Amino acid sequence: MKPGSTRFDFYLTQLQALIVKSSKQKNPALWLYQNNARTPLFMLEGLSKLYAGIHNKKKFTKLKAHFKLLEDAIGQIDYYDAFAKEFTANKKIPKPITAYLQAQAREKIQSLNEILTEKDWLGSDKSRIEKIRKKLKKADWQGEKEDVKSIQVFYVNSINSILEFINQKDFHFDNVEKDLHELRRMIRWLSIYPQALRGCIQLSKTQKSPVYLNKYLTKEITGSPYNNMPDAAGCKHFLLLDKNRFYALSWMISESGKLKDNGLRLEVVKEAILQTSSAREKEAEIKAKQYFGSGQLTIQQVLDRSEELFKTYCKEKNLEALLIGTAAV
């Protein structure tokens with residue numbers, strides 16, 4: 001098997017095992033959510049996104065849509081369930097708000113159960129994974145050397161797309177979802193691909209690392225298991241990323257994620273207030289902020305702080321210098 005095919009097979013086998021186990025449960029969607037099915041789905045979505053940019057665009061774009069549909073559905077469950085659990089411990093938040101979020105989580109679980117059956121992941125047919133395997137067998141897989149070169153080109157194009165997005169926005173964010181969350185999603189893929197590719201991307205420390213990178217090299221980041229590259233195993237050709245700039249990328253993902261969550265916390269309570277009372281939007285936002293006290297940022301503060309973070313990070317040219325090149329053993 002060629003490297004690309006092997007990578008898909010690894011995560012598809014993981015997902016298949018979870019799907020099989022979930023089919024024996026009373027509530028398959030809830031079981032998949034509780035047993036981290038989102039991780040192999042993320043990896044499969046990332047691989048599909050990457051290979052759609054390398055070869056067989058139509059084939060991999062369709063595969064990405066299948067994985068993304070499940071991953072998004074689990075993400076929606078997580079969104080409402082995580083906030084509902086967090087707010088249950090906060091006595092300041094009225095019970096109708098928490099009840100609304102719990103009801104939304106149940107609704108999203110039911111929605112995923114319907115997708116699992118309708119899209120043939122579960123049920124009498126259960127043919128979705130086999131159909132995916134058949135499509136993968138017909139893909140124009142490249143040898144290891146050519147594959148790594150193609151991944152390098154894809155990585156450069158991905159970085160350029162991020163820079164274009166930032167230049168378009170001119171570091172001005174108006175919306176948590178469309179601006180901050182979208183930009184964070186774009187840079188996050190750069191850290192997911194190395195995990196999904198299972199060893200052909202490795203980190204290399206340059207001799208002269210700029211002093212300004214030190215602020216990103218916190219213990220939380222440098223000690224994170226998510227920042228360890230998968231074992232190189234039998235790989236002979238590699239794409240090399242600058243180690244400290246990869247840490248800087250990870251720091252940006254983490255910090256922008258904290259800001260995003262802070263903003264979404266306000267948004268989800270505002271949504272609940274609007275759905276469970278006669279309050280209007282501005283009134284709902286003021287009420288929502290009151291429940292969290294001084295630690296809660298306004299939406300505008302979240303956007304302003306995010307702008308500053310990305311402005312500093314991008315002016316240091318960290319994305320442009322992330323990719324070192326290729327190497328072979």
# chains A, B, ... in the order shown; residues from 1 in each chain; ligands from 1
>>> select_by_dssp(residues="segment 66-292 of chain A", states="helix (DSSP H, G or I)", output="PyMOL selection string")
chain A and resi 66-88+95-118+128-137+144-169+176-196+211-216+219-222+225-227+243-276+281-292
>>> residues_around(residues="segment 21-33 of chain A", least_positions_apart="4", cutoff="9 Å", atoms="only C-alpha atoms", output="PyMOL selection string")
chain A and resi 16-17+37-38+74-75+77-78+106+109-114+116+122-123
>>> closest_residue(among="A:Ala139, A:Val302, A:Ile115, A:Cys314", to="Phe165 of chain A", atoms="only C-alpha atoms")
A:Cys314
>>> residues_around(residues="segment 254-269 of chain A", least_positions_apart="5", cutoff="8 Å", atoms="only C-alpha atoms", output="list in words")
Phe83, Ile97, Val176, Leu180, His181, Arg184, Glu285, Ala288, Lys289, Gln296, Leu297, Thr298, Ile299, Val302, Arg305, Ser306 and Leu309 of chain A
>>> select_by_dssp(residues="segment 169-299 of chain A", states="strand (DSSP E or B)", output="number ranges by chain")
A: 201-204, 237-242
>>> write_last_selection(atoms="C-alpha atoms", output="mmCIF file, in the first residue's frame")
data_model
loop_
_atom_site.group_PDB
_atom_site.id
_atom_site.type_symbol
_atom_site.label_atom_id
_atom_site.label_comp_id
_atom_site.auth_asym_id
_atom_site.auth_seq_id
_atom_site.Cartn_x
_atom_site.Cartn_y
_atom_site.Cartn_z
ATOM 1 C CA ILE A 201 6.161 15.494 9.129
ATOM 2 C CA GLN A 202 8.796 16.082 11.818
ATOM 3 C CA LEU A 203 10.048 19.087 13.777
ATOM 4 C CA SER A 204 13.559 20.470 13.416
ATOM 5 C CA HIS A 237 11.154 11.037 3.240
ATOM 6 C CA PHE A 238 10.060 13.900 5.487
ATOM 7 C CA LEU A 239 8.622 17.377 5.545
ATOM 8 C CA LEU A 240 10.386 19.452 8.215
ATOM 9 C CA LEU A 241 8.754 22.213 10.253
ATOM 10 C CA ASP A 242 10.582 24.700 12.461
#
>>> atom_distance(atom1="atom CA of Thr276 of chain A", atom2="atom CA of Phe87 of chain A")
16.0 Å
>>> closest_atom_pairs(of="segment 197-312 of chain A", to="segment 316-319 of chain A", cutoff="12 Å", atoms="only C-alpha atoms", output="tab-separated table")
residue	atom	partner	partner_atom	distance
A:Ser209	CA	A:Asn318	CA	11.4
A:Pro210	CA	A:Glu316	CA	9.6
A:Val211	CA	A:Glu316	CA	11.1
A:Tyr212	CA	A:Glu316	CA	8.2
A:Leu213	CA	A:Asn318	CA	8.9
A:Tyr216	CA	A:Asn318	CA	11.3
A:Leu241	CA	A:Leu319	CA	10.5
A:Asp242	CA	A:Asn318	CA	9.6
A:Lys243	CA	A:Asn318	CA	11.3
A:Asn244	CA	A:Asn318	CA	9.5
A:Arg245	CA	A:Asn318	CA	6.1
A:Phe246	CA	A:Asn318	CA	8.8
A:Tyr247	CA	A:Asn318	CA	10.4
A:Ala248	CA	A:Asn318	CA	7.7
A:Leu249	CA	A:Leu319	CA	8.0
A:Ser250	CA	A:Asn318	CA	11.7
A:Trp251	CA	A:Asn318	CA	11.9
A:Met252	CA	A:Asn318	CA	10.8
A:Leu309	CA	A:Glu316	CA	11.3
A:Phe310	CA	A:Glu316	CA	9.9
A:Lys311	CA	A:Glu316	CA	8.7
A:Thr312	CA	A:Glu316	CA	6.5
>>> write_last_selection(atoms="C-alpha atoms", output="short mmCIF file (atom, residue, chain, number, x, y, z; two decimals), in the first residue's frame")
data_model
loop_
_atom_site.label_atom_id
_atom_site.label_comp_id
_atom_site.auth_asym_id
_atom_site.auth_seq_id
_atom_site.Cartn_x
_atom_site.Cartn_y
_atom_site.Cartn_z
CA SER A 209 15.89 30.93 16.95
CA PRO A 210 14.65 34.54 17.30
CA VAL A 211 14.29 35.77 20.90
CA TYR A 212 10.71 36.92 20.27
CA LEU A 213 9.62 33.28 19.96
CA TYR A 216 5.30 31.23 22.99
CA LEU A 241 8.75 22.21 10.25
CA ASP A 242 10.58 24.70 12.46
CA LYS A 243 10.14 23.39 16.01
CA ASN A 244 9.81 26.72 17.86
CA ARG A 245 7.52 28.18 15.22
CA PHE A 246 5.35 25.07 15.45
CA TYR A 247 5.19 25.69 19.21
CA ALA A 248 4.24 29.31 18.43
CA LEU A 249 1.46 28.03 16.16
CA SER A 250 0.24 25.74 18.94
CA TRP A 251 0.29 28.65 21.41
CA MET A 252 -1.80 30.75 19.02
CA LEU A 309 -2.70 38.39 19.19
CA PHE A 310 -2.80 37.68 15.47
CA LYS A 311 -1.29 41.04 14.56
CA THR A 312 1.80 40.34 16.69
#
